[in-house]
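Heads up, the thing below is written out as structure tokens.
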There are 2 protein chains.
Amino acid sequence: MTQEWRNVTVEKAANIYFDGRVTSRTAWLHDGSKITLGIMLPGEYEFHTNSMEVIDVISGEMEFLLSGETLWREISGRGTFSVPAHSSFKVKIHSVTDYCCSYGSAACENK
Amino acid sequence: MTQEWRNVTVEKAANIYFDGRVTSRTAWLHDGSKITLGIMLPGEYEFHTNSMEVIDVISGEMEFLLSGETLWREISGRGTFSVPAHSSFKVKIHSVTDYCCSYGSAACENK
């Protein structure tokens with residue numbers, strides 16, 4: 001798994017949601033792929049997608065529920081899940097969760 | 001003020017302090033300067049410095065107190081303060097604060 005990204009452009013201002021309990025910073029890889037590097041604090045949150053999203057959990061304890069599903073799935077430590085475009089998902093964060101999100105690509109995993 | 005940094009290396013794993021109420025992500029500029037891009041949630045925190053730190057508040061409402069001083073100083077919106085090496089400072093965060101910290105340089109301000 002990539003431990004760092006080289007030759008990226010990082011936006012200065014953070015993305016702040018849910019009173020700061022979910023925050024992220026946007027970066028653009030050399031090939032034009034967008035990623036966001038974020039932190040979710042304990043709580044329950046719902047997100048809506050425009051493009052397909054791949055969420056790569058770097059550390060943390062959480063559950064997620066995809067739209068139209070009834071089974072919450074758990075990630076403890078590392079894990080990855082995908083959400084289709086124009087959909088939504090819910091998360092229950094049990095401990096501080098560090099994540100990378102990519103949009104229509106596997107940019108969190110690949111250099 | 002710089003709105004983004006180009007050609008940087010970003011570390012994947014976040015730095016997590018105070019149960020996630022203070023988090024940051026480390027980036028290295030092309031000239032070797034280190035910066036951290038972080039978020040502080042409301043609360044009071046104390047930090048210790050190794051090298052000289054320049055904290056550039058991007059957005060937020062906070063007060064800071066440098067070691068050896070008795071006067072809390074306020075930053076509302078944008079502002080910058082410096083902390084000597086091998087020192088400490090306290091902050092009172094009143095609303096979610098987005099910041100950039102540089103170490104012995106002005107890397108948050110300069111490309």
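Within each chain, counting starts at residue 1; across the structure tokens, chains are named A, B, ... in the order shown, with ligands numbered 1 upward in that order.
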What residues in chain B lie within 7 Å of chain A, counting only C-alpha atoms, written as a PDB file with N, CA, C and O atoms, in the first residue's frame?
ATOM      1  N   GLN B   3      -2.826  29.250  -2.234  1.00  0.00           N
ATOM      2  CA  GLN B   3      -4.088  28.503  -2.122  1.00  0.00           C
ATOM      3  C   GLN B   3      -3.875  27.009  -2.312  1.00  0.00           C
ATOM      4  O   GLN B   3      -4.764  26.216  -2.048  1.00  0.00           O
ATOM      5  N   GLU B   4      -2.709  26.658  -2.811  1.00  0.00           N
ATOM      6  CA  GLU B   4      -2.381  25.250  -3.004  1.00  0.00           C
ATOM      7  C   GLU B   4      -0.861  25.133  -3.064  1.00  0.00           C
ATOM      8  O   GLU B   4      -0.161  26.128  -3.247  1.00  0.00           O
ATOM      9  N   TRP B   5      -0.374  23.928  -2.871  1.00  0.00           N
ATOM     10  CA  TRP B   5       1.045  23.655  -3.054  1.00  0.00           C
ATOM     11  C   TRP B   5       1.172  22.634  -4.168  1.00  0.00           C
ATOM     12  O   TRP B   5       0.453  21.638  -4.166  1.00  0.00           O
ATOM     13  N   ARG B   6       2.106  22.885  -5.054  1.00  0.00           N
ATOM     14  CA  ARG B   6       2.349  21.956  -6.157  1.00  0.00           C
ATOM     15  C   ARG B   6       3.629  21.177  -5.909  1.00  0.00           C
ATOM     16  O   ARG B   6       4.514  21.650  -5.200  1.00  0.00           O
ATOM     17  N   ASN B   7       3.678  20.023  -6.504  1.00  0.00           N
ATOM     18  CA  ASN B   7       4.896  19.214  -6.474  1.00  0.00           C
ATOM     19  C   ASN B   7       5.337  18.886  -5.051  1.00  0.00           C
ATOM     20  O   ASN B   7       6.490  19.074  -4.674  1.00  0.00           O
ATOM     21  N   VAL B   8       4.387  18.423  -4.251  1.00  0.00           N
ATOM     22  CA  VAL B   8       4.704  18.049  -2.874  1.00  0.00           C
ATOM     23  C   VAL B   8       4.562  16.543  -2.701  1.00  0.00           C
ATOM     24  O   VAL B   8       3.944  15.856  -3.524  1.00  0.00           O
ATOM     25  N   THR B   9       5.174  16.055  -1.644  1.00  0.00           N
ATOM     26  CA  THR B   9       4.993  14.668  -1.226  1.00  0.00           C
ATOM     27  C   THR B   9       4.124  14.671   0.024  1.00  0.00           C
ATOM     28  O   THR B   9       4.423  15.387   0.982  1.00  0.00           O
ATOM     29  N   VAL B  10       3.044  13.908  -0.019  1.00  0.00           N
ATOM     30  CA  VAL B  10       2.112  13.867   1.114  1.00  0.00           C
ATOM     31  C   VAL B  10       2.180  12.496   1.759  1.00  0.00           C
ATOM     32  O   VAL B  10       2.076  11.475   1.066  1.00  0.00           O
ATOM     33  N   GLU B  11       2.353  12.467   3.064  1.00  0.00           N
ATOM     34  CA  GLU B  11       2.336  11.191   3.776  1.00  0.00           C
ATOM     35  C   GLU B  11       0.897  10.715   3.901  1.00  0.00           C
ATOM     36  O   GLU B  11      -0.023  11.504   4.111  1.00  0.00           O
ATOM     37  N   LYS B  12       0.732   9.412   3.755  1.00  0.00           N
ATOM     38  CA  LYS B  12      -0.621   8.852   3.755  1.00  0.00           C
ATOM     39  C   LYS B  12      -1.271   8.912   5.138  1.00  0.00           C
ATOM     40  O   LYS B  12      -2.396   9.375   5.285  1.00  0.00           O
ATOM     41  N   ALA B  13      -0.585   8.442   6.140  1.00  0.00           N
ATOM     42  CA  ALA B  13      -1.194   8.339   7.474  1.00  0.00           C
ATOM     43  C   ALA B  13      -1.245   9.702   8.152  1.00  0.00           C
ATOM     44  O   ALA B  13      -0.276  10.459   8.146  1.00  0.00           O
ATOM     45  N   ALA B  14      -2.366  10.012   8.732  1.00  0.00           N
ATOM     46  CA  ALA B  14      -2.533  11.265   9.464  1.00  0.00           C
ATOM     47  C   ALA B  14      -1.798  11.209  10.802  1.00  0.00           C
ATOM     48  O   ALA B  14      -1.530  10.134  11.350  1.00  0.00           O
ATOM     49  N   GLY B  20      -8.174  12.608  18.314  1.00  0.00           N
ATOM     50  CA  GLY B  20      -8.605  13.041  16.983  1.00  0.00           C
ATOM     51  C   GLY B  20      -9.128  14.462  16.937  1.00  0.00           C
ATOM     52  O   GLY B  20      -9.511  14.946  15.873  1.00  0.00           O
ATOM     53  N   LEU B  41     -10.284  20.902  16.611  1.00  0.00           N
ATOM     54  CA  LEU B  41     -11.677  21.075  17.029  1.00  0.00           C
ATOM     55  C   LEU B  41     -11.725  21.822  18.361  1.00  0.00           C
ATOM     56  O   LEU B  41     -10.725  21.882  19.080  1.00  0.00           O
ATOM     57  N   ILE B  58      -5.734  29.270   8.741  1.00  0.00           N
ATOM     58  CA  ILE B  58      -6.406  29.450   7.443  1.00  0.00           C
ATOM     59  C   ILE B  58      -7.856  29.884   7.663  1.00  0.00           C
ATOM     60  O   ILE B  58      -8.377  30.735   6.967  1.00  0.00           O
ATOM     61  N   VAL B  96     -13.983  25.369  14.809  1.00  0.00           N
ATOM     62  CA  VAL B  96     -13.089  24.502  14.034  1.00  0.00           C
ATOM     63  C   VAL B  96     -12.016  25.345  13.335  1.00  0.00           C
ATOM     64  O   VAL B  96     -12.336  26.290  12.620  1.00  0.00           O
ATOM     65  N   ASP B  98      -8.680  25.520  10.903  1.00  0.00           N
ATOM     66  CA  ASP B  98      -7.908  24.917   9.816  1.00  0.00           C
ATOM     67  C   ASP B  98      -6.565  25.643   9.801  1.00  0.00           C
ATOM     68  O   ASP B  98      -6.528  26.872   9.809  1.00  0.00           O
TER      69      ASP B  98
END
What's around B:Met52 at 12 Å? Count only C-alpha atoms, leave out sequence neighbours fewer than 4 positions away in its own chain, and write the answer as a PyMOL selection string.
chain B and resi 34+48+81-89+101-106
Would you mind exporting N, CA, C and O atoms of the selected residues as an mmCIF file, in the first residue's frame?
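New file selection.cif:
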data_model
loop_
_atom_site.group_PDB
_atom_site.id
_atom_site.type_symbol
_atom_site.label_atom_id
_atom_site.label_comp_id
_atom_site.auth_asym_id
_atom_site.auth_seq_id
_atom_site.Cartn_x
_atom_site.Cartn_y
_atom_site.Cartn_z
ATOM 1 N N LYS B 34 9.200 21.033 5.370
ATOM 2 C CA LYS B 34 8.071 20.250 5.887
ATOM 3 C C LYS B 34 6.945 21.176 6.309
ATOM 4 O O LYS B 34 7.193 22.210 6.945
ATOM 5 N N HIS B 48 4.237 21.184 22.400
ATOM 6 C CA HIS B 48 5.656 21.454 22.625
ATOM 7 C C HIS B 48 6.371 21.462 21.272
ATOM 8 O O HIS B 48 6.031 20.675 20.401
ATOM 9 N N PHE B 81 1.148 33.052 13.807
ATOM 10 C CA PHE B 81 2.030 33.303 14.956
ATOM 11 C C PHE B 81 3.182 32.311 14.942
ATOM 12 O O PHE B 81 3.091 31.251 14.317
ATOM 13 N N SER B 82 4.258 32.708 15.625
ATOM 14 C CA SER B 82 5.473 31.890 15.650
ATOM 15 C C SER B 82 5.759 31.440 17.071
ATOM 16 O O SER B 82 5.486 32.170 18.030
ATOM 17 N N VAL B 83 6.323 30.274 17.164
ATOM 18 C CA VAL B 83 6.702 29.710 18.455
ATOM 19 C C VAL B 83 8.170 29.307 18.359
ATOM 20 O O VAL B 83 8.557 28.631 17.403
ATOM 21 N N PRO B 84 8.999 29.730 19.318
ATOM 22 C CA PRO B 84 10.423 29.366 19.254
ATOM 23 C C PRO B 84 10.632 27.853 19.375
ATOM 24 O O PRO B 84 9.743 27.128 19.835
ATOM 25 N N ALA B 85 11.802 27.412 18.993
ATOM 26 C CA ALA B 85 12.188 26.012 19.198
ATOM 27 C C ALA B 85 12.256 25.704 20.698
ATOM 28 O O ALA B 85 12.476 26.599 21.518
ATOM 29 N N HIS B 86 12.051 24.461 21.027
ATOM 30 C CA HIS B 86 12.162 23.987 22.411
ATOM 31 C C HIS B 86 11.341 24.837 23.361
ATOM 32 O O HIS B 86 11.821 25.275 24.412
ATOM 33 N N SER B 87 10.131 25.088 22.984
ATOM 34 C CA SER B 87 9.227 25.893 23.781
ATOM 35 C C SER B 87 7.852 25.203 23.784
ATOM 36 O O SER B 87 7.754 24.013 23.447
ATOM 37 N N SER B 88 6.852 25.928 24.188
ATOM 38 C CA SER B 88 5.507 25.362 24.179
ATOM 39 C C SER B 88 4.500 26.485 23.994
ATOM 40 O O SER B 88 4.831 27.661 24.139
ATOM 41 N N PHE B 89 3.292 26.093 23.666
ATOM 42 C CA PHE B 89 2.211 27.072 23.575
ATOM 43 C C PHE B 89 0.888 26.369 23.835
ATOM 44 O O PHE B 89 0.769 25.152 23.679
ATOM 45 N N CYS B 101 1.127 24.449 9.467
ATOM 46 C CA CYS B 101 2.277 24.694 10.347
ATOM 47 C C CYS B 101 3.548 24.417 9.566
ATOM 48 O O CYS B 101 3.659 23.387 8.901
ATOM 49 N N SER B 102 4.489 25.357 9.649
ATOM 50 C CA SER B 102 5.789 25.126 9.033
ATOM 51 C C SER B 102 6.857 25.139 10.119
ATOM 52 O O SER B 102 6.632 25.629 11.228
ATOM 53 N N TYR B 103 8.007 24.595 9.779
ATOM 54 C CA TYR B 103 9.038 24.298 10.771
ATOM 55 C C TYR B 103 10.343 24.965 10.373
ATOM 56 O O TYR B 103 11.030 24.501 9.465
ATOM 57 N N GLY B 104 10.633 26.074 11.027
ATOM 58 C CA GLY B 104 11.883 26.768 10.748
ATOM 59 C C GLY B 104 11.918 27.433 9.387
ATOM 60 O O GLY B 104 12.976 27.783 8.863
ATOM 61 N N SER B 105 10.739 27.617 8.792
ATOM 62 C CA SER B 105 10.664 28.250 7.479
ATOM 63 C C SER B 105 9.325 28.959 7.367
ATOM 64 O O SER B 105 8.517 28.899 8.282
ATOM 65 N N ALA B 106 9.116 29.598 6.246
ATOM 66 C CA ALA B 106 7.825 30.247 6.005
ATOM 67 C C ALA B 106 7.081 29.490 4.918
ATOM 68 O O ALA B 106 6.407 30.066 4.073
#
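Closest approach to B:Ile55 among B:Gly79, B:Lys92, B:Gly43, B:Gly68: B:Gly79, based on only C-alpha atoms.
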Taking the DSSP assignment computed from this structure's backbone, write out as a PyMOL selection string all residues of chain A that belong to strand (DSSP E or B).
chain A and resi 4-11+15-17+22-28+34-40+43-48+53-66+73-76+79-83+88-103
Requested write-out: C-alpha atoms of the selected residues, as a short mmCIF file (atom, residue, chain, number, x, y, z; two decimals), in the first residue's frame:
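See out_14.cif below for the written result:
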data_model
loop_
_atom_site.label_atom_id
_atom_site.label_comp_id
_atom_site.auth_asym_id
_atom_site.auth_seq_id
_atom_site.Cartn_x
_atom_site.Cartn_y
_atom_site.Cartn_z
CA GLU A 4 2.99 8.57 0.50
CA TRP A 5 2.17 10.31 -2.74
CA ARG A 6 4.82 12.22 -4.64
CA ASN A 7 4.40 15.09 -7.05
CA VAL A 8 0.90 16.04 -5.96
CA THR A 9 -0.91 19.35 -5.67
CA VAL A 10 -2.53 19.90 -2.28
CA GLU A 11 -5.28 22.44 -1.72
CA ASN A 15 -13.08 20.46 3.56
CA ILE A 16 -15.05 20.64 6.81
CA TYR A 17 -18.27 18.70 7.44
CA VAL A 22 -15.39 14.87 9.35
CA THR A 23 -12.63 16.80 7.60
CA SER A 24 -10.49 16.19 4.58
CA ARG A 25 -7.86 17.80 2.41
CA THR A 26 -7.98 17.53 -1.38
CA ALA A 27 -4.94 16.50 -3.40
CA TRP A 28 -4.46 15.98 -7.13
CA LYS A 34 -8.30 13.52 -7.28
CA ILE A 35 -8.02 12.11 -3.78
CA THR A 36 -9.18 13.39 -0.43
CA LEU A 37 -7.33 12.53 2.74
CA GLY A 38 -9.60 12.73 5.72
CA ILE A 39 -10.43 12.04 9.31
CA MET A 40 -13.79 10.98 10.75
CA GLY A 43 -20.42 9.47 15.23
CA GLU A 44 -22.87 8.55 12.49
CA TYR A 45 -22.79 10.31 9.14
CA GLU A 46 -24.40 9.99 5.73
CA PHE A 47 -22.70 10.96 2.48
CA HIS A 48 -23.92 11.32 -1.08
CA GLU A 53 -15.94 6.65 -4.69
CA VAL A 54 -13.45 4.19 -3.29
CA ILE A 55 -12.86 4.68 0.41
CA ASP A 56 -9.60 3.26 1.67
CA VAL A 57 -9.57 3.13 5.47
CA ILE A 58 -6.00 3.66 6.65
CA SER A 59 -6.76 3.16 10.34
CA GLY A 60 -9.84 3.16 12.54
CA GLU A 61 -12.91 1.20 13.54
CA MET A 62 -16.08 1.75 11.59
CA GLU A 63 -19.15 0.25 9.94
CA PHE A 64 -20.65 1.26 6.63
CA LEU A 65 -23.99 0.70 4.96
CA LEU A 66 -24.44 1.15 1.23
CA ARG A 73 -20.23 -4.11 7.22
CA GLU A 74 -17.33 -3.56 9.54
CA ILE A 75 -13.82 -2.32 8.94
CA SER A 76 -11.30 -2.65 11.72
CA GLY A 79 -10.12 -1.91 4.58
CA THR A 80 -11.62 -0.62 1.38
CA PHE A 81 -15.12 -0.24 0.01
CA SER A 82 -16.68 1.27 -3.10
CA VAL A 83 -19.77 3.36 -3.51
CA SER A 88 -25.24 7.35 -0.76
CA PHE A 89 -23.79 5.53 2.19
CA LYS A 90 -23.88 5.73 5.96
CA VAL A 91 -21.05 5.21 8.38
CA LYS A 92 -20.87 4.58 12.10
CA ILE A 93 -17.44 5.61 13.31
CA HIS A 94 -16.39 3.85 16.50
CA SER A 95 -12.85 5.18 16.79
CA VAL A 96 -11.01 7.95 14.96
CA THR A 97 -10.83 6.84 11.33
CA ASP A 98 -8.13 7.98 8.91
CA TYR A 99 -9.07 7.49 5.28
CA CYS A 100 -8.25 8.20 1.65
CA CYS A 101 -11.07 8.61 -0.84
CA SER A 102 -10.60 8.40 -4.59
CA TYR A 103 -13.10 9.26 -7.28
#
